[in-house]
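Report on the following structure.
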Amino acid sequence: MKSAEIREDFLSFFESKGCRRMDSSSLIPDDPSLLLTSAGMVQFKQYYLGKRTMDAKGATTCQKCVRTSDIDEIGLDGRHLSFFEMLGNFSFGGYGKREACEYAFEFITEHLKLPLEKLYFSIYLDDDEAHDIWRDLGVAEDRIVRLGEDDNFWAAGPTGPCGPCSEIYYDQGPDKIHCDNPDCAPGCDCDRFLEFWNLVFTQFDRQEDGELKPLAHVNIDTGMGLERISAIMQGVVSNYDTDILRDLVGLAEKLSAKTYGADDKTDISLRIIADHARAVTFMIADGILPSNEGRGYVLRRLLRRAIRHGRLIDIEGKFMDKFVDEVNKEMGHQYPEIESNLALIKGIVNAEEEHFGATLSNGVSYLEKELSELKDGEKLSGEKAFTLHDTYGFPIDLTVEMAHENGVEVDLAGFEKAMNEQKERARSQVKDEVWTNFNNVWTELSENLAPSEFVGYTENEADSKVLALVKDGASIEEAHAGDELEIVLDKTPFYGEMGGQVGDSGTITLEDGSSFEVKDTQHKEGIFISHIGTLTQGSIKRGDRVHAAIDVARREFIRRNHTATHILHWALREVLGEHVTQAGSIVYPDRLRFDFTHFEALSQEQIKEIEDLCNIQIMSDWPVKNYETDIETAKSNGVLALFGEKYGERVRVLEVGDFSKELCGGTHIKHNSSEIGLLKITSEGSVGSNVRRVEAVTSVAALKYLNEQDAIVKQMAANLKSQPKDLLSRVEQLSTKIKELEHELKQAKKVGSNARQEISALVEKADKSLEYPVIVEALEGYDSSSLRELWDRLHQAMGEGAVVLASKNGESPLLLAAASEGAVAKGFNAGAIIKQIAPLISGGGGGKPQMAQAGGKDASGIADALTKAKEILGLIKD
């Protein structure tokens, strides 16, 4: 049975039971306390907390997941994966423990037709209810295994939601998995008994004193790894031998000319590349970009680890983009975000492969430096080895190999200690963080209050009721003049910061003259709009009737800038290519900032073209439409969804003319594009690997910016005694003149104000044992041109004669040999001398008999070079 068939069969089965089939959520979770989506239940947290309700009996999903707490175990066996698909079914009171077990039993025995004699069912120690359910379904007593809290009890933390779980195991048999433990049974680490489905029954709320208070209803959260059940159904032990991963392994075999199964070390690399290719592809498709922190760091580490293992098995050149194509071929039909972002994904992995070469070189330099500082017999510390692993992407075996080549041992115990500490830090965040905000003030308010109604798309003012007052993180009943607090209204025209658009400001007033200055507006818990500011006059109580009014002029400028970002996005894609996607934005009233995916700096010509395209569209007076529709209608109409964003069933669409259609929940200009006025790009630069940033101004701010630039140009022209139109040529003239004067000054400094005395001193040192005087001297600070000028002056002072001069200009050594015509006639050959002495400064050069020069890399050889010159000239006698 193919993986795709299992996936579809599972989802269809639970649909038939009344569950709603839902798409996988993004790998970027809505919960800011989570780094990555690592379980199917993440998207359902609001349902478990009771903040949202579902009209269906339950839900079913195939959730894409990334889990890297055990990254260094991935590839070592056939079980561990960084990316995996989790089949799940969930209920929030729609059905309970018995139905969950019945559904699971029916699916695995009737649909998958797994033999009952191969199945085992673990339950929590004292969960007699689960025991009786499995027994009633026909499971034999010896196939029901009771395990402890570590294995079969789930908890969000020391307090809060928790409950027993039941895991279903498949016995792969002693012929496939040998175990030396005579008591081998479900729970053994040998993998003979492979756990493939976990059913969690969240039925308690653990109190501070440890009491387990029953919840109003049991929540059901189950997860079955698609790769594991595929391995079982396809009769293989390793996930990497399943249809969904074997082709990726095969591609690695083809590119490396290696054979899977022929060598354990090679197999590890082949598995790592296959696994990491999937994780990398899906992470970028969901809007994660490589960086040095957070989820971007996880992505970079996975990508570089795959690249490194490609090098270890002799894959030459860039290769990860080929794996992206293979992942798209295998999984793009199920996850269309891969296909729609394919150019971007391939561009990013290619850029990262190029950059990693430099990082690899830096790691080698770091290791060589650390090795050189060790004393005889001293080991390379585990901390240093871990730094190489964690920062430079060096596998420990590479560090050990390079250290051994230098006769140095590595403290592997110290390395393992550092690795384990990192793993514990990662694992400590995996389970509990989903429920971090379980009991804050906004969570408590959400249990009792309806969501705020936003009316700001059409209204600038609204009469409202105060639902809540929050001060210093606590709900209060009343506030007085001078208090800084947050106010929640039942309906409001104030836009809460979201999607890059800053929150509104304005006022909230009462009939008695009390007034609250709104300085900012934010969303809380995804359902409340919080007005943040200061009560400037009077008092306000929960339940008061108020009048809310935004700062209309400020909002209008925000509208213009927000619509302008969409036109800018279109223009960037037109000029740079469709790989460009939005990577972030901020829309202020006086300026806008737009981050986008691209792999190199923009040229001035590209910036001008982008700016011109924007202004042509703005001034074309295109109609602007902003409306609400359902997500499927929007997609079918070709509306562009922003990279990495997540959308609900109802969405808002912004259309500008016939060229830009994007999903956006912000506020925009009301009628025509010409309301924006003008767009001027003020800066462009890098904000991270593969991400560029453009800043711009529009409308009145653009006019102000241009007036400021015009004033600067006019003032510069006046200072330089030029007309503005001639300013560029005038600056070029002055620049040329400055360079000439700087050169003259430099030469004058070299010769110095006491040039006569310096030249006289050198002439005095001349060796007169030949038919002509010869000066052989080492000097400091002369460059090649000033050495030639010095020779000219010495020639004037000496008349007939010759010189061999050396100078250290910074760290670079220079040589000059020169002679008068008379000295050349008597046998002096500058070119021959330089040719023989230049190698002593690790350099080369040449010239004619009358003058020759050389440059080099090793200034320590100057003395030897001059000694050699004296020997050639016969100034040193044996």
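Identifiers in this document derive from the order of the structure tokens: chains are assigned A, B, ..., residues are numbered from 1 separately in each chain, and ligands are numbered from 1 in order of occurrence.
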Inset, instruction - Fewer than 6 positions away in the same chain doesn't count, so skip those; otherwise give me all residues within 12 Å of Gln709 in chain A, counting only C-alpha atoms, as a list in words. - result: Lys680, Thr682, Ala702, Leu703, Gln715, Met716 and Pro724 of chain A
Inset, instruction - Using only C-alpha atoms, determine which residues lie at most 9 Å from Glu497 in chain A, disregarding the query and same-chain residues fewer than 4 positions distant; provide the list as an MDAnalysis selection string. - result: chainID A and resid 501:504 520:523
Inset, instruction - Please report, as an MDAnalysis selection string, each residue of range 416-647 of chain A to which DSSP assigns helix (DSSP H, G or I) when run on this structure's backbone. - result: chainID A and resid 416:430 433:435 441:446 552:576 604:619 631:636
Inset, instruction - Please identify all polymer residues within 8 Å of Ile307 in chain A, counting only C-alpha atoms, omitting same-chain residues fewer than 4 positions from it, and present them as a list in words. - result: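 Those residues are Ile273, Leu303, Arg311, Met320 and Glu353 of chain A.
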Using N, CA and C atoms, can you export the residues from the last selection as an mmCIF file, in the first residue's frame?
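See part31.cif below for the written result:
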data_model
loop_
_atom_site.group_PDB
_atom_site.id
_atom_site.type_symbol
_atom_site.label_atom_id
_atom_site.label_comp_id
_atom_site.auth_asym_id
_atom_site.auth_seq_id
_atom_site.Cartn_x
_atom_site.Cartn_y
_atom_site.Cartn_z
ATOM 1 N N ILE A 273 20.879 12.953 3.798
ATOM 2 C CA ILE A 273 20.542 13.816 2.660
ATOM 3 C C ILE A 273 19.069 13.661 2.299
ATOM 4 N N LEU A 303 20.276 22.182 6.326
ATOM 5 C CA LEU A 303 20.753 22.323 4.955
ATOM 6 C C LEU A 303 22.256 22.087 4.874
ATOM 7 N N ARG A 311 29.253 16.056 0.394
ATOM 8 C CA ARG A 311 30.696 16.119 0.126
ATOM 9 C C ARG A 311 31.397 14.837 0.612
ATOM 10 N N MET A 320 21.623 20.219 -4.004
ATOM 11 C CA MET A 320 20.397 20.178 -3.214
ATOM 12 C C MET A 320 19.164 20.567 -4.018
ATOM 13 N N GLU A 353 24.368 26.803 -0.518
ATOM 14 C CA GLU A 353 25.478 25.914 -0.872
ATOM 15 C C GLU A 353 26.727 26.722 -1.227
#
Compile a residue-level contact table for range 119-178 of chain A against range 105-111 of chain A at a cut-off of 10 Å, reporting for every qualifying residue the shortest atom pair and its distance in Å to one decimal, with only C-alpha atoms counted, rows ordered by chain and ascending number, as a Markdown table.
| residue | atom | partner | partner_atom | distance |
| --- | --- | --- | --- | --- |
| A:Leu119 | CA | A:Ile108 | CA | 9.6 |
| A:Trp134 | CA | A:Phe105 | CA | 8.5 |
| A:Leu137 | CA | A:Phe105 | CA | 7.7 |
| A:Gly138 | CA | A:Phe105 | CA | 9.6 |
| A:Val139 | CA | A:Phe105 | CA | 9.6 |
| A:Ile168 | CA | A:Phe105 | CA | 9.4 |
Would you mind exporting the chosen residues as a short mmCIF file (atom, residue, chain, number, x, y, z; two decimals), in the first residue's frame, restricted to N, CA and C atoms?
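Here's the written file result.cif:
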data_model
loop_
_atom_site.label_atom_id
_atom_site.label_comp_id
_atom_site.auth_asym_id
_atom_site.auth_seq_id
_atom_site.Cartn_x
_atom_site.Cartn_y
_atom_site.Cartn_z
N LEU A 119 -0.41 -7.23 16.82
CA LEU A 119 -0.65 -5.95 17.47
C LEU A 119 -0.60 -6.05 18.99
N TRP A 134 -10.33 -2.00 25.04
CA TRP A 134 -9.57 -2.87 24.14
C TRP A 134 -9.99 -4.33 24.28
N LEU A 137 -13.12 -5.01 22.47
CA LEU A 137 -12.95 -5.01 21.02
C LEU A 137 -12.32 -6.30 20.52
N GLY A 138 -11.91 -7.16 21.44
CA GLY A 138 -11.37 -8.45 21.05
C GLY A 138 -9.88 -8.60 21.21
N VAL A 139 -9.25 -7.67 21.91
CA VAL A 139 -7.81 -7.77 22.14
C VAL A 139 -7.56 -8.71 23.31
N ILE A 168 -0.37 1.98 20.19
CA ILE A 168 -0.55 0.73 19.44
C ILE A 168 0.78 0.36 18.81
#
Inset, instruction - Excluding Leu720 in chain A and any residue of its chain fewer than 3 positions from it, enumerate the residues within 12 Å of it, using only C-alpha atoms, and give them as a PyMOL selection string. - result: chain A and resi 713-717+723-724+726-734
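Of the residues under consideration (A:Ala306, A:Leu380, A:Ile268, A:Val575), A:Ile268 shows the shortest atom-to-atom contact distance to Gly75 in chain A when counting only C-alpha atoms.
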Inset, instruction - Identify, on the basis of only C-alpha atoms, every residue whose closest approach to range 553-562 of chain A does not exceed 6 Å; exclude the query and any residue fewer than 6 positions from it along the same chain; express the result as a PyMOL selection string. - result: chain A and resi 587-589+667-669+676
Inset, instruction - Find the spatial neighbours of range 475-485 of chain A, counting only C-alpha atoms, within a cut-off of 6 Å - ignore same-chain residues fewer than 2 positions away - and output them as a list of chain:residue names. - result: A:Leu469, A:Val470, A:Lys471, A:Gly533, A:Thr534, A:Leu535, A:Thr536, A:Gln537, A:Gly538, A:Ser539, A:Ile540, A:Lys541, A:Arg542
Would you mind exporting the chosen residues as a tab-separated table (two decimals), in the first residue's frame, restricted to N, CA and C atoms?
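Saved result, part_0.tsv, follows:
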chain	number	residue	atom	x	y	z
A	469	LEU	N	-10.91	46.28	31.19
A	469	LEU	CA	-9.80	47.20	31.45
A	469	LEU	C	-8.65	46.35	32.00
A	470	VAL	N	-7.47	46.52	31.43
A	470	VAL	CA	-6.30	45.74	31.87
A	470	VAL	C	-5.18	46.69	32.21
A	471	LYS	N	-4.67	46.54	33.42
A	471	LYS	CA	-3.56	47.38	33.88
A	471	LYS	C	-2.50	46.49	34.53
A	533	GLY	N	-2.95	53.01	26.00
A	533	GLY	CA	-2.71	54.44	26.14
A	533	GLY	C	-2.87	54.93	27.56
A	534	THR	N	-3.26	56.20	27.69
A	534	THR	CA	-3.34	56.87	28.99
A	534	THR	C	-4.69	57.55	29.15
A	535	LEU	N	-5.29	57.38	30.33
A	535	LEU	CA	-6.53	58.11	30.65
A	535	LEU	C	-6.12	59.53	31.03
A	536	THR	N	-6.38	60.47	30.15
A	536	THR	CA	-5.90	61.85	30.35
A	536	THR	C	-6.85	62.68	31.20
A	537	GLN	N	-8.11	62.26	31.31
A	537	GLN	CA	-9.08	63.05	32.06
A	537	GLN	C	-10.21	62.16	32.56
A	538	GLY	N	-10.66	62.37	33.80
A	538	GLY	CA	-11.82	61.68	34.34
A	538	GLY	C	-11.53	60.25	34.73
A	539	SER	N	-12.55	59.41	34.62
A	539	SER	CA	-12.43	57.99	34.98
A	539	SER	C	-13.22	57.15	33.99
A	540	ILE	N	-12.97	55.84	34.02
A	540	ILE	CA	-13.66	54.93	33.11
A	540	ILE	C	-13.84	53.60	33.82
A	541	LYS	N	-15.02	52.96	33.61
A	541	LYS	CA	-15.33	51.70	34.28
A	541	LYS	C	-15.72	50.67	33.24
A	542	ARG	N	-15.55	49.40	33.64
A	542	ARG	CA	-16.02	48.32	32.79
A	542	ARG	C	-17.53	48.44	32.64
